[in-house]
$ cat model-v5.cif   # mmCIF, C-alpha atoms
data_entry
#
loop_
_atom_site.label_atom_id
_atom_site.label_comp_id
_atom_site.auth_asym_id
_atom_site.auth_seq_id
_atom_site.Cartn_x
_atom_site.Cartn_y
_atom_site.Cartn_z
CA MET X 1 -12.28 37.61 22.50
CA PHE X 2 -14.07 35.08 20.32
CA ARG X 3 -15.85 31.78 20.81
CA ALA X 4 -14.45 28.54 19.40
CA ILE X 5 -14.69 24.80 19.77
CA LEU X 6 -11.36 23.91 21.36
CA LEU X 7 -9.90 20.41 21.47
CA GLU X 8 -7.23 19.75 24.11
CA ARG X 9 -5.25 16.66 25.03
CA GLN X 10 -2.82 16.09 27.86
CA GLY X 11 -1.62 12.51 28.15
CA ASP X 12 -4.71 10.30 28.14
CA ARG X 13 -7.03 13.18 28.97
CA PHE X 14 -9.05 14.65 26.10
CA ASP X 15 -11.47 17.56 26.25
CA ALA X 16 -13.71 19.18 23.64
CA ALA X 17 -15.60 22.30 24.69
CA LEU X 18 -16.89 25.68 23.58
CA ARG X 19 -14.38 28.24 24.87
CA GLU X 20 -13.76 31.99 24.91
CA LEU X 21 -10.34 32.67 23.37
CA ASP X 22 -8.22 35.77 22.92
CA GLU X 23 -7.35 36.75 19.35
CA SER X 24 -3.68 36.70 20.31
CA ALA X 25 -3.99 32.91 20.36
CA LEU X 26 -4.69 32.79 16.62
CA PRO X 27 -1.92 31.43 14.33
CA ALA X 28 0.46 33.85 12.62
CA HIS X 29 -0.97 33.75 9.08
CA ASP X 30 -1.71 36.62 6.71
CA VAL X 31 -5.53 36.79 6.52
CA THR X 32 -7.90 37.13 9.48
CA LEU X 33 -11.55 36.20 8.95
CA ARG X 34 -14.74 36.79 10.82
CA ILE X 35 -16.37 33.44 10.24
CA GLU X 36 -20.08 33.67 9.43
CA TYR X 37 -20.74 30.00 8.76
CA SER X 38 -18.84 26.74 9.04
CA SER X 39 -20.03 23.17 8.61
CA LEU X 40 -19.78 19.82 10.36
CA ASN X 41 -18.05 17.14 8.31
CA TYR X 42 -17.17 13.50 8.99
CA LYS X 43 -13.55 14.46 9.65
CA ASP X 44 -14.64 17.19 12.08
CA ALA X 45 -16.80 14.68 13.93
CA LEU X 46 -13.87 12.27 14.22
CA ALA X 47 -11.72 15.04 15.67
CA ILE X 48 -14.35 16.30 18.12
CA THR X 49 -15.10 12.80 19.44
CA GLN X 50 -11.46 11.64 19.13
CA ARG X 51 -12.63 8.52 17.33
CA GLY X 52 -9.99 8.91 14.64
CA PRO X 53 -6.39 10.18 14.49
CA VAL X 54 -7.34 13.42 12.76
CA VAL X 55 -5.67 16.09 14.92
CA ARG X 56 -1.92 16.45 14.48
CA ASN X 57 -1.23 19.43 16.76
CA TRP X 58 -2.69 20.43 20.13
CA PRO X 59 -4.64 22.38 21.18
CA MET X 60 -6.79 22.47 18.04
CA VAL X 61 -9.81 24.36 16.76
CA PRO X 62 -11.60 21.94 14.39
CA GLY X 63 -13.48 22.93 11.26
CA ILE X 64 -12.20 22.02 7.81
CA ASP X 65 -14.70 24.41 6.19
CA GLY X 66 -15.32 28.09 6.71
CA ALA X 67 -16.86 31.06 4.96
CA GLY X 68 -16.65 34.61 6.17
CA VAL X 69 -15.48 38.19 5.84
CA VAL X 70 -11.88 39.39 5.66
CA GLU X 71 -11.10 41.61 8.67
CA HIS X 72 -7.36 41.96 8.03
CA SER X 73 -5.17 41.01 5.10
CA ALA X 74 -1.45 41.27 4.49
CA HIS X 75 -1.89 39.87 0.97
CA PRO X 76 -2.80 42.05 -2.04
CA GLU X 77 -5.34 39.58 -3.43
CA PHE X 78 -7.70 40.01 -0.48
CA SER X 79 -9.07 43.22 1.01
CA VAL X 80 -11.04 44.01 4.14
CA GLY X 81 -14.69 43.18 3.48
CA ASP X 82 -14.06 40.43 0.91
CA ARG X 83 -16.00 37.23 1.42
CA VAL X 84 -14.01 34.02 1.03
CA ILE X 85 -14.21 30.24 1.42
CA LEU X 86 -11.82 27.79 3.05
CA ASN X 87 -11.86 24.03 2.37
CA GLY X 88 -9.19 21.70 3.72
CA TRP X 89 -5.47 22.52 3.56
CA GLY X 90 -5.06 20.83 6.95
CA ALA X 91 -7.42 23.19 8.78
CA GLY X 92 -8.78 21.45 11.85
CA GLU X 93 -5.95 18.93 11.63
CA GLN X 94 -2.59 20.72 11.51
CA HIS X 95 -3.83 24.33 11.66
CA TRP X 96 -6.65 25.96 13.59
CA GLY X 97 -9.90 25.67 11.64
CA CYS X 98 -13.23 27.41 11.32
CA LEU X 99 -15.58 26.12 14.03
CA ALA X 100 -14.91 29.50 15.60
CA GLU X 101 -15.93 33.13 15.29
CA ARG X 102 -12.43 34.07 14.10
CA ALA X 103 -9.82 32.31 11.98
CA ARG X 104 -6.39 33.34 10.77
CA LEU X 105 -5.39 31.54 7.60
CA LYS X 106 -2.91 31.56 4.73
CA SER X 107 -4.09 33.56 1.75
CA GLU X 108 -3.22 30.77 -0.68
CA TRP X 109 -5.75 28.52 1.04
CA LEU X 110 -8.66 30.87 0.32
CA VAL X 111 -11.07 31.03 -2.62
CA PRO X 112 -13.18 34.13 -3.33
CA LEU X 113 -16.88 33.55 -2.71
CA PRO X 114 -18.56 33.35 -6.14
CA ASP X 115 -21.01 36.16 -6.85
CA ARG X 116 -24.04 33.84 -6.96
CA LEU X 117 -23.39 32.40 -3.50
CA ASP X 118 -23.70 33.71 0.04
CA THR X 119 -21.62 32.32 2.90
CA ARG X 120 -24.43 30.13 4.25
CA THR X 121 -25.03 28.51 0.88
CA ALA X 122 -21.29 27.96 0.46
CA MET X 123 -21.20 26.08 3.75
CA ALA X 124 -24.32 24.11 2.84
CA VAL X 125 -22.13 22.89 -0.01
CA GLY X 126 -18.89 22.76 2.02
CA THR X 127 -16.09 20.27 1.51
CA ALA X 128 -18.63 17.52 0.88
CA GLY X 129 -20.28 19.34 -2.01
CA TYR X 130 -17.00 20.65 -3.38
CA THR X 131 -15.65 17.06 -3.31
CA ALA X 132 -18.80 15.87 -5.06
CA MET X 133 -18.19 18.43 -7.81
CA LEU X 134 -14.58 17.29 -8.18
CA CYS X 135 -15.93 13.76 -8.70
CA VAL X 136 -18.50 14.92 -11.25
CA GLN X 137 -15.87 16.93 -13.12
CA ALA X 138 -13.56 13.89 -13.15
CA LEU X 139 -16.32 11.83 -14.77
CA GLU X 140 -16.83 14.60 -17.29
CA ARG X 141 -13.10 14.77 -18.13
CA GLN X 142 -13.22 11.04 -18.84
CA ARG X 143 -16.10 11.74 -21.23
CA VAL X 144 -18.80 9.92 -19.26
CA ARG X 145 -22.11 11.15 -20.68
CA PRO X 146 -25.76 10.67 -19.62
CA ASP X 147 -26.50 8.34 -22.54
CA ASP X 148 -23.61 6.05 -21.50
CA GLY X 149 -25.66 4.53 -18.69
CA GLU X 150 -26.39 4.74 -14.99
CA ILE X 151 -24.22 6.42 -12.37
CA LEU X 152 -23.91 4.77 -8.96
CA VAL X 153 -23.54 7.00 -5.89
CA THR X 154 -22.59 5.20 -2.68
CA GLY X 155 -23.01 6.62 0.82
CA ALA X 156 -25.90 8.39 -0.81
CA ALA X 157 -27.55 9.97 2.24
CA GLY X 158 -24.30 11.58 3.40
CA GLY X 159 -23.01 14.99 2.40
CA VAL X 160 -20.91 13.95 -0.61
CA GLY X 161 -23.54 11.52 -1.82
CA SER X 162 -26.43 13.94 -1.47
CA VAL X 163 -24.75 16.75 -3.40
CA ALA X 164 -23.42 14.33 -6.04
CA ILE X 165 -26.93 13.00 -6.67
CA SER X 166 -28.30 16.50 -7.11
CA LEU X 167 -25.47 17.58 -9.43
CA LEU X 168 -25.59 14.44 -11.57
CA ALA X 169 -29.38 14.51 -11.88
CA GLY X 170 -29.15 18.16 -12.87
CA ARG X 171 -26.75 17.16 -15.67
CA GLY X 172 -29.22 14.59 -16.98
CA PHE X 173 -27.74 11.36 -15.58
CA ARG X 174 -29.83 8.50 -14.28
CA VAL X 175 -28.55 8.15 -10.73
CA VAL X 176 -28.78 5.02 -8.58
CA ALA X 177 -28.29 5.73 -4.88
CA SER X 178 -26.84 3.13 -2.52
CA THR X 179 -27.67 3.55 1.17
CA GLY X 180 -28.08 1.54 4.36
CA ARG X 181 -30.89 3.83 5.47
CA ALA X 182 -34.08 2.61 3.81
CA ASP X 183 -36.07 5.36 5.52
CA GLU X 184 -34.21 7.91 3.38
CA THR X 185 -35.55 6.52 0.09
CA ASP X 186 -38.10 9.30 -0.43
CA TYR X 187 -35.49 11.94 0.42
CA LEU X 188 -32.99 10.50 -2.06
CA LYS X 189 -35.59 10.44 -4.82
CA ARG X 190 -36.61 14.02 -4.07
CA ILE X 191 -33.04 15.21 -4.59
CA GLY X 192 -32.65 13.38 -7.89
CA ALA X 193 -32.09 9.63 -7.47
CA ALA X 194 -33.99 7.53 -10.01
CA GLU X 195 -33.53 4.35 -7.97
CA VAL X 196 -32.38 3.47 -4.46
CA ILE X 197 -30.64 0.19 -3.61
CA ASP X 198 -29.61 -1.34 -0.30
CA ARG X 199 -25.92 -0.94 0.43
CA ALA X 200 -25.87 -4.62 1.42
CA GLN X 201 -25.80 -5.40 -2.32
CA LEU X 202 -22.30 -3.91 -2.41
CA SER X 203 -20.84 -4.01 1.10
CA ALA X 204 -20.04 -7.74 1.45
CA PRO X 205 -17.13 -9.60 -0.22
CA GLY X 206 -17.98 -10.25 -3.86
CA LYS X 207 -16.68 -11.77 -7.06
CA PRO X 208 -13.77 -10.34 -9.08
CA LEU X 209 -16.26 -9.40 -11.80
CA GLY X 210 -20.02 -8.97 -11.68
CA LYS X 211 -22.72 -8.10 -14.17
CA GLU X 212 -21.85 -4.85 -15.96
CA ARG X 213 -24.13 -2.00 -14.92
CA TRP X 214 -22.52 1.35 -14.10
CA ALA X 215 -21.13 3.85 -16.61
CA GLY X 216 -19.67 5.76 -13.68
CA VAL X 217 -19.45 5.71 -9.92
CA VAL X 218 -19.05 8.28 -7.14
CA ASP X 219 -17.85 6.34 -4.09
CA SER X 220 -17.34 7.77 -0.60
CA VAL X 221 -17.34 4.41 1.17
CA GLY X 222 -14.24 2.43 0.14
CA SER X 223 -13.46 -1.19 1.11
CA HIS X 224 -15.75 -3.92 -0.29
CA THR X 225 -18.24 -1.33 -1.57
CA LEU X 226 -15.65 0.28 -3.81
CA VAL X 227 -14.34 -3.11 -4.96
CA ASN X 228 -17.84 -4.30 -5.88
CA ALA X 229 -18.62 -1.02 -7.61
CA CYS X 230 -15.52 -1.50 -9.78
CA ALA X 231 -16.46 -5.14 -10.45
CA THR X 232 -19.90 -4.13 -11.77
CA THR X 233 -18.83 -1.09 -13.80
CA ARG X 234 -19.33 -1.36 -17.54
CA TYR X 235 -16.51 -1.70 -20.06
CA GLY X 236 -14.56 1.57 -20.17
CA GLY X 237 -16.46 3.00 -17.22
CA VAL X 238 -15.04 5.37 -14.62
CA VAL X 239 -15.06 5.05 -10.83
CA THR X 240 -14.19 8.04 -8.63
CA ALA X 241 -13.13 7.32 -5.04
CA CYS X 242 -13.20 10.05 -2.39
CA GLY X 243 -13.95 8.43 0.97
CA LEU X 244 -13.52 5.53 3.36
CA ALA X 245 -16.69 5.33 5.46
CA GLN X 246 -16.58 1.50 5.30
CA GLY X 247 -12.80 1.26 5.45
CA MET X 248 -9.55 2.24 3.76
CA ASP X 249 -8.76 -1.29 2.59
CA LEU X 250 -9.21 -2.31 -1.06
CA PRO X 251 -9.82 -6.09 -0.96
CA GLY X 252 -10.19 -6.68 -4.68
CA THR X 253 -8.47 -7.81 -7.86
CA VAL X 254 -7.17 -6.14 -11.00
CA ALA X 255 -9.85 -7.87 -13.11
CA PRO X 256 -12.07 -4.81 -13.72
CA PHE X 257 -9.08 -2.75 -14.83
CA ILE X 258 -7.35 -5.22 -17.16
CA LEU X 259 -10.42 -7.05 -18.52
CA ARG X 260 -12.94 -4.21 -18.78
CA GLY X 261 -10.71 -1.15 -18.98
CA VAL X 262 -12.33 0.41 -15.92
CA SER X 263 -10.63 3.56 -14.64
CA LEU X 264 -10.33 4.18 -10.90
CA ILE X 265 -9.67 7.85 -10.15
CA GLY X 266 -8.76 9.11 -6.70
CA ILE X 267 -10.30 12.42 -5.65
CA ASP X 268 -8.48 14.50 -3.04
CA SER X 269 -10.17 17.66 -1.84
CA VAL X 270 -7.79 18.62 0.98
CA MET X 271 -4.74 19.59 -1.07
CA ALA X 272 -6.38 20.03 -4.49
CA PRO X 273 -4.72 22.72 -6.65
CA ARG X 274 -6.26 26.17 -6.48
CA ALA X 275 -7.26 26.11 -10.15
CA ASP X 276 -9.35 22.99 -9.55
CA ARG X 277 -10.98 24.62 -6.52
CA LEU X 278 -11.86 27.77 -8.45
CA SER X 279 -13.36 25.71 -11.27
CA ALA X 280 -15.36 23.52 -8.87
CA TRP X 281 -16.78 26.48 -6.97
CA GLN X 282 -17.71 28.37 -10.13
CA HIS X 283 -19.58 25.33 -11.45
CA LEU X 284 -21.26 24.82 -8.09
CA SER X 285 -22.46 28.43 -8.10
CA GLN X 286 -23.99 27.89 -11.55
CA GLU X 287 -25.39 24.37 -11.20
CA LEU X 288 -26.67 24.13 -7.66
CA ASP X 289 -30.37 23.43 -7.41
CA ARG X 290 -31.21 25.63 -4.42
CA GLU X 291 -34.40 23.73 -3.56
CA ARG X 292 -32.53 20.43 -3.51
CA LEU X 293 -29.73 22.01 -1.49
CA ALA X 294 -32.29 23.21 1.06
CA GLU X 295 -33.62 19.64 1.28
CA ILE X 296 -30.09 18.40 1.97
CA THR X 297 -29.23 21.03 4.61
CA ARG X 298 -29.91 21.67 8.29
CA GLU X 299 -28.50 24.49 10.43
CA ILE X 300 -27.20 24.34 14.01
CA PRO X 301 -25.53 26.86 16.33
CA LEU X 302 -21.85 26.57 17.21
CA ALA X 303 -22.63 25.20 20.69
CA ALA X 304 -24.55 22.26 19.19
CA THR X 305 -21.60 20.88 17.21
CA LEU X 306 -20.33 18.75 20.10
CA GLU X 307 -23.54 16.75 20.31
CA ALA X 308 -24.05 16.74 16.53
CA ALA X 309 -20.60 15.19 15.97
CA GLY X 310 -21.61 12.00 17.77
CA ALA X 311 -24.91 11.81 15.87
CA LEU X 312 -23.10 12.20 12.54
CA LEU X 313 -20.74 9.30 13.28
CA ALA X 314 -23.69 7.18 14.40
CA GLY X 315 -25.29 7.62 10.98
CA GLY X 316 -28.10 9.76 12.35
CA VAL X 317 -27.48 12.82 10.15
CA ARG X 318 -28.52 13.16 6.52
CA GLY X 319 -26.97 15.51 4.00
CA ARG X 320 -25.17 18.64 5.17
CA THR X 321 -24.96 20.37 8.55
CA VAL X 322 -24.31 24.11 8.45
CA VAL X 323 -22.96 25.76 11.60
CA LYS X 324 -23.95 29.37 12.27
CA VAL X 325 -21.00 30.34 14.39
CA ASP X 326 -22.39 33.58 15.84
CA ALA X 327 -25.58 31.92 17.13
#

$ encode --input "model-v5.cif" --output "structure tokens"
Amino acid sequence: MFRAILLERQGDRFDAALRELDESALPAHDVTLRIEYSSLNYKDALAITQRGPVVRNWPMVPGIDGAGVVEHSAHPEFSVGDRVILNGWGAGEQHWGCLAERARLKSEWLVPLPDRLDTRTAMAVGTAGYTAMLCVQALERQRVRPDDGEILVTGAAGGVGSVAISLLAGRGFRVVASTGRADETDYLKRIGAAEVIDRAQLSAPGKPLGKERWAGVVDSVGSHTLVNACATTRYGGVVTACGLAQGMDLPGTVAPFILRGVSLIGIDSVMAPRADRLSAWQHLSQELDRERLAEITREIPLAATLEAAGALLAGGVRGRTVVKVDA
């Protein structure tokens, strides 16, 4: 038996609860994990509260992130005792995820835990931090350098934003953080932001082009915020888009792209190729500022995820939430 957050729906009735499940209920995949830590992400919160059409199959164990120990493996790459990480691949949406003490997953979904990380630290990073690194690496591939100018990070107090700020500051960039939570200004500066601006400067409908400012952008917000970020990016600048907290619409024009040569790069973390995942996690293990990560992170027990999901969607949670599943 193992404990898990279980989501069930029958007709119009929806239930989310901490349950005791038998291991025979686990999916028929080739690697079984004892999960040590998971995390609570925006997508998990949508699933747990049923405020978004996240879950595709019922019943469902949510949890798009997990880190733990291999208990059984039918694949030669992984042996009993190995520590591994899961991010995405439809976990918590199409396949049972990791807000549980046990998970059975496909071997090709898993990444070995880098030597410099433990499972708790990996989940402090989680999908949010791994996505942030994919954004930072995309800027780097487009040859955006610290002396090119400022980098804008939107949704700055959230998980992606917080880790992106820390990573970019660590690489020598001047980071400007956009947030709707003015009370988080000191926090954002402690983790590396040089300046904090009100998200209202970006979140309303704007002009096709604005004053050039940003050499690069990490956007997890979408909608008008993303459009305005593009409109104020400098000639030849690069905008990475990885989220839709404001909305999935893109109410803008082609002006920044055809008049200023701005590049808009989509960042997908769910189905990203394994090589990109391995590279991102190796860089994270080398570049993470552990003191800043501690500032970003809080820990909760598995039973607290139901309440925490609502708080996250209400904007009451900063940074990253690690879930200790055996507590």

$ atom_distance --input "model-v5.cif" --atom1 "CA of Leu86 in chain X" --atom2 "CA of Val325 in chain X"
14.8 Å

$ closest_residue --input "model-v5.cif" --among "X:Trp89, X:Val54, X:Glu20, X:Ala103" --to "Glu71 in chain X" --atoms "all atoms listed in the file"
X:Ala103

$ residues_around --input "model-v5.cif" --residues "Asp219 in chain X" --least-positions-apart "3" --cutoff "10 Å" --atoms "only C-alpha atoms" --output "list in words"
Ala132, Cys135, Leu152, Val153, Thr154, Gly155, Ala156, Val160, Gly161, Ala164, Ser178, Gly216, Gly222, Thr225, Leu226, Ala229, Cys230, Val239, Thr240, Ala241, Cys242, Gly243, Leu244, Ala245, Gly266 and Ile267 of chain X

$ closest_residue --input "model-v5.cif" --among "X:Pro208, X:Ile300, X:Arg292, X:Tyr130" --to "Val254 in chain X" --atoms "only C-alpha atoms"
X:Pro208

$ resolve_selection --input "model-v5.cif" --expression "the PyMOL selection byres ((chain X and resi 165-167) around 9)" --output "VMD selection string"
chain X and resid 132 to 133 136 153 156 160 to 164 168 to 172 175 to 177 188 191 to 193 284 287 to 289 292 to 293

$ atom_distance --input "model-v5.cif" --atom1 "CA of Ala91 in chain X" --atom2 "CA of Asp65 in chain X"
7.8 Å

$ resolve_selection --input "model-v5.cif" --expression "the PyMOL selection byres ((chain X and resi 234) around 8)" --output "PyMOL selection string"
chain X and resi 212-215+232-233+235-237+260+262

$ residues_around --input "model-v5.cif" --residues "His95 in chain X" --least-positions-apart "6" --cutoff "8 Å" --atoms "all atoms listed in the file" --output "number ranges by chain"
X: 27, 57, 60-61

$ resolve_selection --input "model-v5.cif" --expression "the PyMOL selection byres ((chain X and resi 119-126) around 7)" --output "list in words"
Glu36, Tyr37, Ser38, Ser39, Asp65, Gly66, Ala67, Gly68, Leu117, Asp118, Thr127, Ala128, Gly129, Tyr130, Thr297, Arg320, Thr321 and Val322 of chain X

$ closest_residue --input "model-v5.cif" --among "X:Ala16, X:Ala4, X:Ile85, X:Val144" --to "Pro114 in chain X" --atoms "all atoms listed in the file"
X:Ile85

$ atom_distance --input "model-v5.cif" --atom1 "CA of Ala303 in chain X" --atom2 "CA of Ile5 in chain X"
8.0 Å

$ residues_around --input "model-v5.cif" --residues "Leu313 in chain X" --least-positions-apart "6" --cutoff "12 Å" --atoms "all atoms listed in the file" --output "PyMOL selection string"
chain X and resi 40-52+158+245-246+306-307

$ axis_aligned_box --input "model-v5.cif" --around "range 87-97 of chain X" --padding-each-side "5 Å" --output "lines of an AutoDock Vina configuration file"
center_x = -7.2
center_y = 22.4
center_z = 8.0
size_x = 19.3
size_y = 17.0
size_z = 21.2

$ closest_residue --input "model-v5.cif" --among "X:Arg181, X:Gln201, X:Gly90, X:Val217" --to "Ala314 in chain X" --atoms "all atoms listed in the file"
X:Arg181

$ closest_residue --input "model-v5.cif" --among "X:Ile258, X:Leu7, X:Met248, X:Ile265" --to "Gly92 in chain X" --atoms "only C-alpha atoms"
X:Leu7

$ decode --input "model-v5.cif" --residues "range 315-327 of chain X" --atoms "N, CA and C atoms" --output "PDB file, in the first residue's frame"
ATOM      1  N   GLY X 315      -2.447  33.170  -6.267  1.00  0.00           N
ATOM      2  CA  GLY X 315      -1.292  34.065  -6.278  1.00  0.00           C
ATOM      3  C   GLY X 315      -0.671  34.255  -4.918  1.00  0.00           C
ATOM      4  N   GLY X 316      -0.977  33.345  -3.977  1.00  0.00           N
ATOM      5  CA  GLY X 316      -0.475  33.497  -2.626  1.00  0.00           C
ATOM      6  C   GLY X 316       0.782  32.709  -2.334  1.00  0.00           C
ATOM      7  N   VAL X 317       1.424  32.141  -3.367  1.00  0.00           N
ATOM      8  CA  VAL X 317       2.620  31.326  -3.172  1.00  0.00           C
ATOM      9  C   VAL X 317       3.752  31.896  -4.006  1.00  0.00           C
ATOM     10  N   ARG X 318       4.877  32.148  -3.368  1.00  0.00           N
ATOM     11  CA  ARG X 318       6.062  32.608  -4.106  1.00  0.00           C
ATOM     12  C   ARG X 318       6.971  31.428  -4.414  1.00  0.00           C
ATOM     13  N   GLY X 319       7.723  31.554  -5.493  1.00  0.00           N
ATOM     14  CA  GLY X 319       8.777  30.596  -5.782  1.00  0.00           C
ATOM     15  C   GLY X 319       8.297  29.174  -5.928  1.00  0.00           C
ATOM     16  N   ARG X 320       8.998  28.241  -5.296  1.00  0.00           N
ATOM     17  CA  ARG X 320       8.801  26.810  -5.496  1.00  0.00           C
ATOM     18  C   ARG X 320       8.274  26.157  -4.224  1.00  0.00           C
ATOM     19  N   THR X 321       7.387  25.175  -4.407  1.00  0.00           N
ATOM     20  CA  THR X 321       6.831  24.391  -3.311  1.00  0.00           C
ATOM     21  C   THR X 321       7.250  22.945  -3.474  1.00  0.00           C
ATOM     22  N   VAL X 322       8.098  22.471  -2.571  1.00  0.00           N
ATOM     23  CA  VAL X 322       8.553  21.087  -2.555  1.00  0.00           C
ATOM     24  C   VAL X 322       7.612  20.274  -1.678  1.00  0.00           C
ATOM     25  N   VAL X 323       7.269  19.078  -2.149  1.00  0.00           N
ATOM     26  CA  VAL X 323       6.377  18.187  -1.409  1.00  0.00           C
ATOM     27  C   VAL X 323       7.172  16.980  -0.928  1.00  0.00           C
ATOM     28  N   LYS X 324       7.275  16.841   0.382  1.00  0.00           N
ATOM     29  CA  LYS X 324       7.918  15.655   0.978  1.00  0.00           C
ATOM     30  C   LYS X 324       6.838  14.592   1.089  1.00  0.00           C
ATOM     31  N   VAL X 325       6.898  13.603   0.231  1.00  0.00           N
ATOM     32  CA  VAL X 325       5.748  12.715   0.100  1.00  0.00           C
ATOM     33  C   VAL X 325       5.622  11.710   1.239  1.00  0.00           C
ATOM     34  N   ASP X 326       6.691  11.442   1.978  1.00  0.00           N
ATOM     35  CA  ASP X 326       6.595  10.482   3.065  1.00  0.00           C
ATOM     36  C   ASP X 326       6.373  11.150   4.410  1.00  0.00           C
ATOM     37  N   ALA X 327       5.990  12.438   4.392  1.00  0.00           N
ATOM     38  CA  ALA X 327       5.730  13.168   5.641  1.00  0.00           C
ATOM     39  C   ALA X 327       4.237  13.376   5.839  1.00  0.00           C
TER      40      ALA X 327
END
